[in-house]
Structure formats: C-alpha cells, structure tokens
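To be precise, the following lines are input-v9.cif, and they hold mmCIF, C-alpha atoms.
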data_final
loop_
_atom_site.label_atom_id
_atom_site.label_comp_id
_atom_site.auth_asym_id
_atom_site.auth_seq_id
_atom_site.Cartn_x
_atom_site.Cartn_y
_atom_site.Cartn_z
CA MET Q 1 0.00 0.00 0.00
CA GLU Q 2 2.85 2.30 0.86
CA LYS Q 3 4.49 1.53 -2.47
CA ASN Q 4 1.22 2.20 -4.28
CA GLN Q 5 0.91 5.53 -2.54
CA ILE Q 6 4.45 6.52 -3.55
CA LEU Q 7 3.81 5.57 -7.15
CA TRP Q 8 0.63 7.53 -7.21
CA GLN Q 9 2.33 10.60 -5.72
CA LYS Q 10 5.11 10.34 -8.23
CA ASN Q 11 2.52 10.69 -10.97
CA THR Q 12 4.17 7.88 -12.80
CA ILE Q 13 1.49 5.29 -12.33
CA ASN Q 14 -1.92 5.14 -10.77
CA PHE Q 15 -1.24 1.69 -9.48
CA PRO Q 16 -4.61 0.99 -7.80
CA GLU Q 17 -6.48 1.99 -10.93
CA ALA Q 18 -4.25 -0.14 -13.19
CA LEU Q 19 -4.56 -3.05 -10.81
CA GLN Q 20 -8.34 -2.83 -10.84
CA ARG Q 21 -8.28 -2.75 -14.64
CA MET Q 22 -6.28 -6.00 -14.66
CA GLY Q 23 -8.79 -7.67 -12.40
CA GLY Q 24 -6.45 -7.45 -9.36
CA ASP Q 25 -3.70 -9.57 -10.91
CA GLU Q 26 -0.56 -7.75 -9.71
CA ASN Q 27 1.89 -10.16 -11.33
CA PHE Q 28 0.23 -9.70 -14.67
CA LEU Q 29 0.29 -5.92 -14.28
CA VAL Q 30 4.02 -5.94 -13.54
CA GLU Q 31 4.59 -8.25 -16.52
CA LEU Q 32 2.71 -5.78 -18.71
CA ILE Q 33 4.70 -2.84 -17.41
CA ASN Q 34 7.89 -4.71 -18.25
CA ASP Q 35 6.53 -5.37 -21.73
CA TYR Q 36 5.66 -1.71 -22.03
CA VAL Q 37 9.15 -0.58 -21.07
CA ASN Q 38 10.68 -3.10 -23.44
CA GLU Q 39 8.44 -1.96 -26.30
CA PHE Q 40 9.06 1.68 -25.41
CA HIS Q 41 12.71 1.40 -26.42
CA ASN Q 42 11.67 0.41 -29.93
CA TYR Q 43 9.09 3.17 -30.13
CA TYR Q 44 11.61 5.69 -28.81
CA SER Q 45 14.10 4.74 -31.54
CA GLY Q 46 11.27 5.03 -34.04
CA LEU Q 47 10.42 8.49 -32.77
CA LEU Q 48 14.04 9.67 -33.03
CA THR Q 49 14.23 8.38 -36.60
CA ALA Q 50 10.93 10.05 -37.42
CA LEU Q 51 12.22 13.31 -35.96
CA ARG Q 52 15.35 13.13 -38.12
CA GLU Q 53 13.25 12.45 -41.20
CA ASN Q 54 10.56 15.01 -40.36
CA ASN Q 55 8.10 12.15 -40.63
CA PHE Q 56 5.12 13.64 -38.82
CA GLU Q 57 2.78 10.80 -39.75
CA LYS Q 58 5.07 8.33 -38.01
CA ILE Q 59 5.36 10.60 -34.97
CA LYS Q 60 1.58 10.80 -34.82
CA ILE Q 61 1.11 7.02 -35.12
CA ILE Q 62 3.72 6.14 -32.48
CA GLY Q 63 2.29 8.81 -30.18
CA HIS Q 64 -1.16 7.31 -30.66
CA THR Q 65 0.02 3.77 -29.94
CA LEU Q 66 1.87 4.78 -26.80
CA LYS Q 67 -1.14 6.80 -25.70
CA GLY Q 68 -3.30 3.66 -25.80
CA SER Q 69 -0.99 1.38 -23.85
CA SER Q 70 0.04 4.00 -21.28
CA ALA Q 71 -3.64 4.77 -20.63
CA MET Q 72 -4.27 1.05 -20.25
CA LEU Q 73 -1.56 0.83 -17.58
CA SER Q 74 -2.56 4.14 -15.97
CA LEU Q 75 0.90 5.58 -16.65
CA THR Q 76 -0.22 9.11 -16.02
CA LEU Q 77 2.66 11.18 -17.37
CA MET Q 78 3.49 8.77 -20.19
CA HIS Q 79 -0.11 8.99 -21.31
CA ARG Q 80 -0.07 12.78 -21.20
CA TYR Q 81 3.20 13.04 -23.15
CA SER Q 82 2.21 10.50 -25.77
CA ALA Q 83 -1.12 12.29 -26.36
CA GLN Q 84 0.81 15.53 -26.82
CA ILE Q 85 3.29 13.81 -29.17
CA GLU Q 86 0.39 12.53 -31.25
CA LYS Q 87 -0.94 16.09 -31.44
CA ALA Q 88 2.52 17.48 -32.30
CA GLY Q 89 2.74 14.91 -35.11
CA ASN Q 90 -0.68 15.91 -36.31
CA ASP Q 91 0.16 19.61 -36.18
CA GLY Q 92 3.61 19.13 -37.75
CA ASP Q 93 5.21 20.75 -34.68
CA LEU Q 94 8.78 19.48 -34.70
CA VAL Q 95 9.95 21.59 -31.75
CA ALA Q 96 7.18 20.36 -29.46
CA ALA Q 97 7.67 16.77 -30.61
CA ASN Q 98 11.42 16.94 -29.91
CA LYS Q 99 10.87 18.32 -26.41
CA LEU Q 100 8.12 15.84 -25.56
CA ILE Q 101 10.11 12.85 -26.76
CA ARG Q 102 12.92 13.74 -24.39
CA MET Q 103 10.47 14.26 -21.51
CA MET Q 104 9.02 10.88 -22.30
CA LYS Q 105 12.45 9.28 -22.24
CA ASN Q 106 13.06 10.70 -18.75
CA GLU Q 107 9.69 9.43 -17.58
CA SER Q 108 10.50 5.98 -18.94
CA LEU Q 109 13.61 6.00 -16.74
CA ASN Q 110 11.43 6.77 -13.71
CA LEU Q 111 9.23 3.87 -14.66
CA MET Q 112 12.23 1.58 -15.00
CA LYS Q 113 13.42 2.57 -11.54
CA LEU Q 114 10.06 1.58 -10.11
CA PHE Q 115 9.79 -1.62 -12.12
CA PRO Q 116 13.33 -2.80 -12.83
CA ILE Q 117 13.56 -5.36 -15.58
CA SER Q 118 16.38 -7.66 -16.50
CA PRO Q 119 19.37 -5.90 -18.17
CA ASP Q 120 19.24 -8.08 -21.27
CA ILE Q 121 15.85 -6.58 -22.14
CA VAL Q 122 16.93 -2.95 -21.74
CA ASN Q 123 19.70 -1.77 -24.05
CA MET K 124 -16.83 -22.55 -30.30
CA ILE K 125 -16.68 -18.87 -31.25
CA ASN K 126 -13.76 -17.76 -33.41
CA LEU K 127 -12.55 -14.43 -32.10
CA LEU K 128 -10.07 -12.21 -33.88
CA ILE K 129 -8.05 -9.65 -31.96
CA ALA K 130 -6.37 -7.15 -34.27
CA GLU K 131 -4.24 -4.83 -32.18
CA ASP K 132 -0.73 -3.62 -32.95
CA ASP K 133 0.18 -2.69 -29.41
CA LYS K 134 1.66 -5.66 -27.59
CA VAL K 135 0.51 -4.52 -24.14
CA ILE K 136 -3.12 -4.05 -25.15
CA ARG K 137 -3.10 -7.25 -27.20
CA LYS K 138 -1.86 -9.10 -24.15
CA VAL K 139 -4.51 -7.53 -21.92
CA LEU K 140 -7.20 -8.54 -24.40
CA GLU K 141 -5.82 -12.05 -24.65
CA LYS K 142 -5.60 -12.40 -20.88
CA SER K 143 -9.09 -10.95 -20.30
CA ILE K 144 -10.77 -13.46 -22.60
CA THR K 145 -10.68 -16.55 -20.47
CA SER K 146 -13.85 -18.37 -21.48
CA PRO K 147 -13.15 -21.63 -23.35
CA VAL K 148 -15.98 -20.85 -25.79
CA TYR K 149 -13.63 -18.46 -27.59
CA LYS K 150 -10.90 -19.59 -29.95
CA LEU K 151 -8.50 -16.68 -30.27
CA PHE K 152 -6.75 -15.50 -33.41
CA LEU K 153 -4.24 -12.67 -32.97
CA ALA K 154 -3.09 -10.12 -35.52
CA ALA K 155 -0.59 -7.31 -35.06
CA ASP K 156 -1.53 -5.41 -38.22
CA GLY K 157 -4.38 -4.90 -40.66
CA ASP K 158 -3.00 -7.16 -43.40
CA GLU K 159 -2.58 -10.08 -41.02
CA ALA K 160 -6.10 -9.46 -39.70
CA LEU K 161 -7.49 -9.53 -43.25
CA ARG K 162 -5.70 -12.79 -43.99
CA ILE K 163 -7.22 -14.37 -40.87
CA LEU K 164 -10.65 -13.01 -41.77
CA GLU K 165 -10.35 -14.57 -45.21
CA GLU K 166 -9.07 -17.93 -43.99
CA LYS K 167 -11.03 -18.45 -40.78
CA ASN K 168 -14.69 -18.24 -40.09
CA ILE K 169 -14.47 -15.33 -37.68
CA HIS K 170 -17.57 -14.75 -35.53
CA ILE K 171 -16.38 -11.81 -33.47
CA ALA K 172 -13.64 -9.35 -34.43
CA ILE K 173 -12.09 -6.87 -32.03
CA LEU K 174 -10.39 -4.36 -34.30
CA ASP K 175 -8.17 -1.54 -33.20
CA TRP K 176 -9.25 1.58 -35.06
CA MET K 177 -5.68 2.53 -35.96
CA LEU K 178 -3.70 -0.41 -37.26
CA PRO K 179 -0.53 -0.51 -39.36
CA GLY K 180 -1.41 -1.50 -42.93
CA ILE K 181 -5.17 -1.69 -43.32
CA GLU K 182 -6.84 0.34 -40.60
CA GLY K 183 -9.51 -1.16 -38.36
CA ILE K 184 -12.22 1.06 -39.78
CA GLU K 185 -11.31 -0.03 -43.32
CA LEU K 186 -11.34 -3.69 -42.27
CA CYS K 187 -14.79 -3.05 -40.88
CA ARG K 188 -16.01 -1.84 -44.30
CA MET K 189 -14.35 -4.76 -46.04
CA ILE K 190 -16.07 -7.27 -43.75
CA ARG K 191 -19.43 -5.68 -44.38
CA THR K 192 -19.06 -5.70 -48.18
CA ARG K 193 -18.27 -9.42 -48.22
CA ILE K 194 -21.12 -11.69 -49.17
CA GLU K 195 -21.04 -14.18 -46.36
CA THR K 196 -23.77 -16.05 -44.59
CA GLN K 197 -21.81 -16.01 -41.36
CA TYR K 198 -22.15 -12.66 -39.63
CA THR K 199 -19.04 -11.15 -38.07
CA TYR K 200 -19.79 -9.11 -34.99
CA ILE K 201 -17.34 -6.21 -34.94
CA ILE K 202 -16.13 -4.39 -31.86
CA LEU K 203 -13.97 -1.38 -32.59
CA LEU K 204 -11.26 -0.62 -30.10
CA THR K 205 -10.64 3.09 -29.91
CA SER K 206 -9.53 6.00 -27.85
CA ARG K 207 -11.62 8.22 -30.14
CA ILE K 208 -14.83 9.02 -28.40
CA ASP K 209 -16.24 12.10 -30.05
CA GLN K 210 -19.63 11.78 -31.68
CA GLU K 211 -18.31 12.20 -35.21
CA ASP K 212 -15.87 9.32 -34.82
CA LEU K 213 -18.48 7.05 -33.31
CA VAL K 214 -20.87 7.75 -36.18
CA LYS K 215 -18.02 7.02 -38.59
CA GLY K 216 -17.30 3.71 -36.86
CA PHE K 217 -20.90 2.56 -36.81
CA SER K 218 -21.41 3.69 -40.42
CA ALA K 219 -18.45 1.55 -41.45
CA GLY K 220 -20.26 -1.44 -39.99
CA ALA K 221 -19.10 -1.74 -36.39
CA ASP K 222 -21.61 -3.24 -33.98
CA ASP K 223 -20.04 -1.93 -30.83
CA TYR K 224 -16.95 -0.17 -29.54
CA ILE K 225 -14.68 -0.30 -26.52
CA LYS K 226 -12.91 2.79 -25.39
CA LYS K 227 -9.28 2.52 -24.42
CA PRO K 228 -8.37 2.18 -21.60
CA PHE K 229 -10.92 -0.47 -20.77
CA TYR K 230 -11.70 -2.72 -17.83
CA SER K 231 -11.71 -6.47 -18.38
CA LEU K 232 -15.22 -6.70 -16.90
CA GLU K 233 -16.52 -4.27 -19.53
CA LEU K 234 -14.83 -6.23 -22.30
CA ASP K 235 -16.39 -9.43 -20.99
CA ALA K 236 -19.85 -7.87 -20.94
CA ARG K 237 -19.52 -6.56 -24.49
CA LEU K 238 -18.26 -9.90 -25.74
CA LYS K 239 -21.28 -11.59 -24.20
CA THR K 240 -23.53 -9.31 -26.25
CA GLY K 241 -21.61 -10.24 -29.38
CA LYS K 242 -21.84 -13.93 -28.55
CA ARG K 243 -25.60 -13.62 -28.03
CA ILE K 244 -26.02 -11.97 -31.45
CA ILE K 245 -23.87 -14.62 -33.14
CA GLU K 246 -25.84 -17.42 -31.50
CA LEU K 247 -29.14 -15.85 -32.54
CA GLN K 248 -27.85 -15.49 -36.07
CA SER K 249 -26.76 -19.14 -36.15
CA GLN K 250 -30.24 -20.20 -35.02
CA LEU K 251 -31.75 -17.97 -37.69
CA LEU K 252 -29.54 -19.48 -40.40
CA GLU K 253 -30.38 -22.97 -39.22
CA THR K 254 -34.11 -22.24 -39.34
CA GLN K 255 -33.72 -20.58 -42.71
CA GLU K 256 -31.93 -23.66 -44.03
CA LYS K 257 -34.63 -25.97 -42.66
CA LEU K 258 -37.35 -23.85 -44.24
CA LYS K 259 -35.47 -23.79 -47.52
CA ILE K 260 -35.23 -27.58 -47.51
CA GLN K 261 -38.91 -27.86 -46.60
CA ALA K 262 -39.84 -25.52 -49.43
CA THR K 263 -37.70 -27.21 -52.06
CA HIS K 264 -37.84 -30.88 -51.09
CA ASP K 265 -40.50 -33.53 -50.89
CA GLY K 266 -41.15 -34.49 -47.27
CA LEU K 267 -41.58 -38.21 -47.89
CA THR K 268 -38.81 -39.02 -50.34
CA LYS K 269 -36.46 -36.12 -49.47
CA LEU K 270 -35.99 -35.59 -53.20
CA LEU K 271 -36.41 -32.19 -54.82
CA ASN K 272 -40.09 -31.33 -55.11
CA ARG K 273 -41.90 -30.68 -58.39
CA ASN K 274 -41.36 -26.90 -58.43
CA SER K 275 -37.68 -27.17 -57.60
CA ILE K 276 -36.80 -29.80 -60.17
CA ILE K 277 -38.69 -27.87 -62.86
CA GLU K 278 -36.92 -24.68 -61.88
CA ILE K 279 -33.54 -26.41 -62.09
CA ILE K 280 -34.46 -27.97 -65.43
CA GLU K 281 -35.38 -24.54 -66.80
CA MET K 282 -32.03 -23.11 -65.74
CA GLU K 283 -30.12 -26.09 -67.03
CA PHE K 284 -32.01 -25.98 -70.33
CA GLU K 285 -30.93 -22.36 -70.83
CA ARG K 286 -27.34 -23.29 -70.03
CA SER K 287 -27.51 -26.23 -72.42
CA GLU K 288 -28.77 -23.96 -75.23
CA ARG K 289 -26.20 -21.27 -74.45
CA GLU K 290 -23.21 -23.57 -74.20
CA LYS K 291 -24.40 -26.06 -76.81
CA ILE K 292 -24.02 -28.93 -74.37
CA PRO K 293 -26.68 -31.65 -74.66
CA MET K 294 -28.92 -32.27 -71.68
CA GLY K 295 -31.14 -35.24 -70.98
CA MET K 296 -34.40 -35.62 -69.12
CA ILE K 297 -35.93 -38.85 -67.87
CA MET K 298 -39.48 -39.26 -66.65
CA ALA K 299 -39.82 -42.42 -64.56
CA ASP K 300 -42.90 -44.00 -63.02
CA ILE K 301 -43.28 -46.92 -60.60
CA ASP K 302 -45.23 -49.71 -62.31
CA HIS K 303 -48.51 -50.82 -60.71
CA PHE K 304 -48.04 -48.55 -57.75
CA LYS K 305 -51.76 -48.37 -57.02
CA LYS K 306 -51.78 -52.14 -56.67
CA ILE K 307 -49.04 -51.96 -54.02
CA ASN K 308 -51.05 -49.42 -52.03
CA ASP K 309 -54.26 -51.42 -52.41
CA THR K 310 -52.66 -54.76 -51.53
CA TYR K 311 -50.18 -53.89 -48.82
CA GLY K 312 -51.43 -50.53 -47.57
CA HIS K 313 -50.22 -46.95 -47.86
CA GLN K 314 -47.32 -47.43 -45.46
CA ALA K 315 -45.93 -50.03 -47.83
CA GLY K 316 -46.51 -47.60 -50.70
CA ASP K 317 -44.59 -44.90 -48.83
CA MET K 318 -41.77 -47.32 -48.16
CA VAL K 319 -41.56 -48.14 -51.89
CA LEU K 320 -41.46 -44.46 -52.76
CA ARG K 321 -38.66 -43.83 -50.27
CA LYS K 322 -36.64 -46.84 -51.36
CA VAL K 323 -37.05 -46.18 -55.08
CA SER K 324 -36.07 -42.53 -54.54
CA SER K 325 -32.96 -43.43 -52.65
CA LYS K 326 -32.01 -46.08 -55.20
CA LEU K 327 -32.51 -43.73 -58.14
CA LYS K 328 -30.32 -41.14 -56.47
CA SER K 329 -27.58 -43.67 -55.81
CA LEU K 330 -27.58 -44.81 -59.45
CA LEU K 331 -27.15 -41.32 -60.90
CA ARG K 332 -24.00 -39.30 -61.46
CA PRO K 333 -23.14 -36.79 -58.69
CA TYR K 334 -24.22 -33.82 -60.79
CA ASP K 335 -27.51 -35.34 -62.01
CA ARG K 336 -30.68 -34.18 -60.26
CA VAL K 337 -33.80 -36.12 -59.41
CA GLY K 338 -37.13 -34.82 -58.16
CA ARG K 339 -40.53 -36.21 -57.26
CA TYR K 340 -42.76 -34.97 -60.06
CA GLY K 341 -46.06 -36.38 -58.90
CA GLY K 342 -47.44 -39.33 -56.89
CA GLU K 343 -45.15 -42.09 -58.11
CA GLU K 344 -43.51 -40.15 -60.92
CA PHE K 345 -39.93 -38.95 -60.90
CA LEU K 346 -38.20 -36.40 -63.07
CA ILE K 347 -34.49 -36.75 -63.67
CA LEU K 348 -32.19 -34.11 -65.11
CA LEU K 349 -28.96 -35.23 -66.76
CA PRO K 350 -26.66 -32.34 -67.62
CA ASN K 351 -24.01 -32.90 -70.29
CA CYS K 352 -25.55 -36.12 -71.48
CA THR K 353 -25.33 -37.67 -74.93
CA GLU K 354 -27.90 -40.03 -76.41
CA LYS K 355 -25.62 -42.97 -75.73
CA LYS K 356 -25.13 -41.97 -72.09
CA ILE K 357 -28.82 -41.45 -71.43
CA GLU K 358 -29.61 -44.94 -72.73
CA ILE K 359 -26.99 -46.41 -70.41
CA ILE K 360 -28.31 -44.44 -67.44
CA ALA K 361 -31.94 -45.33 -68.17
CA GLU K 362 -31.03 -48.98 -68.35
CA ARG K 363 -29.02 -48.73 -65.14
CA LEU K 364 -32.02 -47.22 -63.37
CA ARG K 365 -34.44 -49.82 -64.76
CA THR K 366 -32.30 -52.80 -63.76
CA GLY K 367 -31.27 -51.22 -60.46
CA ILE K 368 -34.88 -50.92 -59.33
CA SER K 369 -36.03 -54.26 -60.68
CA GLU K 370 -33.18 -56.01 -58.85
CA GLU K 371 -33.83 -54.24 -55.55
CA GLU K 372 -35.41 -56.40 -52.90
CA PHE K 373 -38.82 -55.31 -51.60
CA LYS K 374 -40.58 -57.33 -48.90
CA PHE K 375 -44.08 -56.84 -47.57
CA ASN K 376 -45.25 -59.11 -44.75
CA ASP K 377 -42.27 -61.36 -45.49
CA GLU K 378 -43.40 -61.64 -49.07
CA ALA K 379 -40.85 -60.63 -51.71
CA VAL K 380 -42.39 -58.37 -54.33
CA GLN K 381 -40.66 -57.15 -57.46
CA ILE K 382 -40.94 -53.45 -58.09
CA THR K 383 -40.22 -52.08 -61.55
CA ILE K 384 -40.21 -48.71 -63.19
CA SER K 385 -40.94 -47.49 -66.70
CA LEU K 386 -38.96 -44.65 -68.19
CA GLY K 387 -39.29 -42.20 -71.03
CA PHE K 388 -36.58 -39.77 -71.97
CA ALA K 389 -35.74 -36.88 -74.24
CA ILE K 390 -32.50 -35.15 -75.08
CA THR K 391 -31.77 -31.66 -76.35
CA GLY K 392 -30.57 -31.30 -79.91
CA ARG K 393 -33.08 -33.92 -81.05
CA MET K 394 -36.58 -33.54 -82.42
CA ASP K 395 -36.25 -29.78 -82.59
CA ILE K 396 -36.72 -29.40 -78.82
CA HIS K 397 -37.00 -25.69 -78.18
CA SER K 398 -38.26 -25.45 -74.62
CA PRO K 399 -38.17 -27.35 -71.33
CA GLU K 400 -41.96 -27.74 -71.57
CA MET K 401 -41.62 -29.46 -74.93
CA MET K 402 -38.88 -31.69 -73.57
CA LEU K 403 -41.06 -32.64 -70.60
CA HIS K 404 -43.97 -33.36 -72.91
CA LEU K 405 -41.82 -35.61 -75.12
CA ALA K 406 -40.36 -37.49 -72.13
CA ASP K 407 -43.88 -37.95 -70.78
CA ASN K 408 -45.10 -39.30 -74.14
CA ALA K 409 -42.16 -41.71 -74.22
CA LEU K 410 -42.99 -42.85 -70.67
CA TYR K 411 -46.57 -43.43 -71.74
CA GLU K 412 -45.30 -45.52 -74.62
CA ALA K 413 -43.06 -47.56 -72.29
CA LYS K 414 -46.11 -48.26 -70.12
CA ARG K 415 -48.19 -49.18 -73.13
CA LYS K 416 -45.49 -51.55 -74.35
CA GLY K 417 -45.70 -53.57 -71.14
CA ARG K 418 -43.78 -51.57 -68.47
CA ASN K 419 -40.32 -52.21 -66.93
CA LYS K 420 -38.67 -50.65 -69.94
CA TRP K 421 -37.37 -47.36 -71.25
CA ILE K 422 -38.25 -45.63 -74.49
CA SER K 423 -36.71 -42.52 -75.97
CA ALA K 424 -38.76 -39.62 -77.31
CA ASP K 425 -37.43 -40.49 -80.79
CA MET K 426 -38.68 -44.04 -80.50
CA ALA K 427 -42.03 -42.93 -79.10
CA SER K 428 -42.38 -40.59 -82.03
CA LEU K 429 -41.68 -43.43 -84.49
CA VAL K 430 -44.22 -45.59 -82.65
CA THR K 431 -46.91 -42.97 -83.02
CA LYS K 432 -46.01 -42.75 -86.70
CA GLY K 433 -46.19 -46.55 -86.93
CA GLU K 434 -42.49 -46.92 -87.75
CA ASN K 435 -41.24 -48.60 -84.59
CA ASN K 436 -37.98 -50.29 -85.33
CA GLY K 437 -38.17 -52.25 -82.08
CA LYS K 438 -35.30 -50.45 -80.34
CA GLU K 439 -36.57 -50.73 -76.80
CA SER K 440 -34.94 -51.39 -73.47
CA ASN K 441 -35.89 -55.07 -73.20
CA PHE K 442 -34.11 -55.74 -76.49
CA MET K 443 -31.18 -53.65 -75.35
CA ALA K 444 -30.93 -55.25 -71.93
CA GLU K 445 -28.48 -57.89 -73.03
CA LYS K 446 -26.21 -55.25 -74.45
CA TYR K 447 -26.00 -53.28 -71.22
CA ASN K 448 -26.00 -56.11 -68.69
#
Can I see the file as structure tokens?
Amino acid sequence: MEKNQILWQKNTINFPEALQRMGGDENFLVELINDYVNEFHNYYSGLLTALRENNFEKIKIIGHTLKGSSAMLSLTLMHRYSAQIEKAGNDGDLVAANKLIRMMKNESLNLMKLFPISPDIVN
Amino acid sequence: MINLLIAEDDKVIRKVLEKSITSPVYKLFLAADGDEALRILEEKNIHIAILDWMLPGIEGIELCRMIRTRIETQYTYIILLTSRIDQEDLVKGFSAGADDYIKKPFYSLELDARLKTGKRIIELQSQLLETQEKLKIQATHDGLTKLLNRNSIIEIIEMEFERSEREKIPMGMIMADIDHFKKINDTYGHQAGDMVLRKVSSKLKSLLRPYDRVGRYGGEEFLILLPNCTEKKIEIIAERLRTGISEEEFKFNDEAVQITISLGFAITGRMDIHSPEMMLHLADNALYEAKRKGRNKWISADMASLVTKGENNGKESNFMAEKYN
C-alpha cells in the first residue's frame, strides 16, 4: 500500500487503478509494465528516426500507440506526453515533438526505476 | 466454439485482451496489423472481431467496411477498439459497420460484458440461419422421399435448359414412373406404398452421377435431369435405373415383391426441342409408350415418335438389356 501511494504521488502510475483494470492480478500488471518498457525502447528509436526524417505521420502514429498502452496501464505522465506527441505529429510541430520525446524518455527512466527489468531486455 | 479475432498492434493491449478473454468458448486469433487481420478473416470463419481503429497496414475502420461488403452467410460481430470518443468518430465507426466499440483504456469486466452481447447476437444469427436452411429444404424438397419437389426440379431444369442452349451442351431428361403402384397401395397398404417411394427414390439417387438431379414430379412419378448427357449416355443411365430398381429387394409381410419402373426420356438437340416444356412433354409421351409396351422398360422420345407414326424399329430397353447387362 505504501508503495502504491508513492507511485501515485510520483505521478508515474496510478497503481490501484491499473490493478483494478487488470482484475487485481498484480503479477500480470508488472509483466505488462515490463513489456511496455521493453516496447518503449523500440518506439523511442522510431520516434528519433521520425524526428530526423521530419516524418510527422510516423510521430503521430507512435504517439497514438503509446497513448493507448500508457492509458491502459494508468501511466499518467506517459499517457499525457504521448497524447501531446500525437498532437505534435498531427500539427507538424517538430519543436514540441522533440521536447516531448525527451520528456518521455526521462519518464521511462522513472518507470524503470520503479519496475526494474532484466538488463538483457533494456539496451 | 466462437472464433474471435483480436487485431491490435500494441503488444501490451493485445496481451490484456488475450488475458481478459478466459472463457473456453472463444478460440482466439491474434493479428498485429491490418494485413494479417485480413488474412485471418479470409481464412477463418471469424464470428467476433475486435479491431483496433488505428492499425498498421489496413486500418480497423477499413477492415470493418471490407467485412461488411463481403457476401457471407456467417455474420461477423465487430467491436472497434478506440480512444476516439467524439460523436463524429463514433458515427463514422458505426457507419463503417461496427456493432459496438470499446474505449481505451478499458476494464476487463466491460470487455467481458460486451463480448457476451456479441456472442448472443452470433448465436441468434446461427439459429436464424439454421431455421432458414430448414425452411429452404422444406420448401424445395419432398417431405416423404427427401428428393427435390416438383417446383424445384422444374426450376432447375429450366435453368439447365438455358445453359444447355447457351453452351451447346446436350442435356437429358428422364421421366420415370413406378409400375402398378396403385396395386401396391391397395394390396399392402399406404405405409408399404410410402416405403416403396422412399426406397425407389434413394435407389434412383444412388444410381445417378453426382451432378444429375432427381425430383418427385407427382405421386409415383420422378423427373431426372442429366446435364451434359449424350444419347448414348442417357440410354446407359436409363437402363441402369431400370435394372437397379427391378433387382432391388422389396418385402411386404415377409413376401418378396418385385418393383419395376418405366422410363421415357428426351435429349436436347433432337426432335427440334426448343423449350423445357416441350422436352417434358416428349419425355412424358415416351414414358406413356413404355407403359403401353408392357412396363419395366425405357423408351426414348425419338422411338415414341416413331411408334406414333407406326415406324417402330423395335429399339426398346428389353431388347437392349443384353447389351448393357
């Protein structure tokens, strides 16, 4: 409970809400968060490439995908940033996209601190 | 078993969906993009599809339209998975053919409830199809013999006649009648008569080629359609039917009784046949002639015509029997 409270305060994850969504299966929730972090590295690389190529459509799509999964896991800040990245992609706002992608990277590090996963998964 | 497709590109959400669907009534098929989802939809008989609105390749909304434009008897219940919730998007989703939607993020209990609705619709549709099929069979088949009924066989003959004319492929028609059927009914009762009708029907069917059609034309009369049939073939088939029935064992009150049939046939490309009605008339005349000549034989429309003109050359089934046996 104490851990849940900390997570909630950190604005990283609304753990009770996510847990309820997963039908109370904590192990499964943690497994999903690990999957999310693992997948995030691929999406992050994709976003950097898209930024280099000014590929706004790709930025929008990745933002949209991350928005869905972060909402599913109640990752509060990740959800907010990914929604804004989707919008930046839609608006063709490269500056905003660049800034948000970096903020998202930092938030992913917070998430990894809370839910450490094996080093062979994270590059 | 309900075949359920989950088309979702995001691994986390796909996993949540997979994990949430625990009932053994669902057989899951997973797709990570629109093209894979389409392939599954084409190959499997999908009852319920959960489609993410935004998918790599073909988008969920487009898949929705594609499913609805397919001509399939099996209905696919579509649930769109979306984070889009404004009215315009919902209207767009439903207009594309979605039955329901789930907003991301979702709770597994909500998903379960929505799937139950889909399952109920699919089950109702299956019952409807089953009833429809039963009614169709009742409307097109004879209840006693299970053969095509008079209307159906005539309808098929009309279509086949047109095809035969168009493609210049000969088609044959045989009219067959059980000999002395009234006597069977009078002597052994109507149940025995019904048994004869059922047995003769089943035997006729078994003696025909897979693509031939047989229907009950009237009381003890049968109409047989033989697509792509030459004069030679129709003679062989008529003889096979005649001998097949006459050799079949019928027993009433432990008494063996021989049942025979008489047959008359006509074939397109002969005698200036220009309509199915004329063909039917000629086959009927030939059948009449076979009856008149003593029954348990076949006569072609050509022969019957010669008989009526007084030029019978004696080419009848009993003289041909040796040749075909």
- Task: Find the residues of chain K in contact range of chain Q, meaning any atom within 7 Å when counting only C-alpha atoms, and list them as a ChimeraX atom specification.
- Result: /K:133,135-136,206,227-231
Can you build me a table of region 238-315 of chain K residues sitting at most 9 Å from region 394-398 of chain K, with the closest atom pair per residue and its distance in Å to one decimal, using all atoms listed in the file, sorted by chain and residue number, as a Markdown table?
| residue | atom | partner | partner_atom | distance |
| --- | --- | --- | --- | --- |
| K:Glu281 | CA | K:Ser398 | CA | 8.4 |
| K:Phe284 | CA | K:Ser398 | CA | 7.6 |
| K:Glu285 | CA | K:Ser398 | CA | 8.8 |
| K:Glu288 | CA | K:His397 | CA | 8.9 |
Those selected residues, please, written with C-alpha atoms and delivered as a compact mmCIF listing (two decimals), keeping the file's coordinate frame.
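Saved as result-v4.txt:
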# COMPACT_ATOMS: atom_id res chain seq x y z
CA GLU K 281 -35.38 -24.54 -66.80
CA PHE K 284 -32.01 -25.98 -70.33
CA GLU K 285 -30.93 -22.36 -70.83
CA GLU K 288 -28.77 -23.96 -75.23
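With all atoms listed in the file as the atoms that count, the minimum distance from Leu48 (chain Q) to the choices Q:Ser108, Q:Asn27, Q:Gln84, Q:Asn98 is reached by Q:Asn98.
Residue membership of the PyMOL selection byres ((chain Q and resi 99) around 12) in the shown file amounts to Q:Leu47, Q:Leu48, Q:Leu51, Q:Tyr81, Q:Ser82, Q:Gln84, Q:Ile85, Q:Ala88, Q:Asp93, Q:Leu94, Q:Val95, Q:Ala96, Q:Ala97, Q:Asn98, Q:Leu100, Q:Ile101, Q:Arg102, Q:Met103, Q:Met104, Q:Lys105, Q:Asn106.
Take the candidates K:Leu386, K:Ile173, K:Leu234, K:Met401 and check each one against Lys416 (chain K) using all atoms listed in the file; the shortest distance goes to K:Leu386.
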re CA of Arg273 (chain K) and CA of Glu344 (chain K): distance 9.9 Å
Worksheet item: Could you write out as a PyMOL selection string the residues that the PyMOL selection byres ((chain K and resi 263) around 9) matches in the shown file?
Response: chain K and resi 258-262+264-265+270-276
- Provide the CA of Asn126 (chain K) to CA of Phe152 (chain K) distance in Å, to one decimal place.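 Value for the CA of Asn126 (chain K)-CA of Phe152 (chain K) distance: 7.4 Å.
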Selected residue, from K:His313, K:Thr383, K:Ile297, K:Gly341, that lies nearest to Lys326 (chain K) when counting only C-alpha atoms
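That would be K:Thr383, the residue with the smallest distance to Lys326 (chain K).
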Rounded to one decimal, what separation in Å do you get between CA of Lys269 (chain K) and CA of Ala299 (chain K)?
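Calculated distance between CA of Lys269 (chain K) and CA of Ala299 (chain K) is 16.7 Å.
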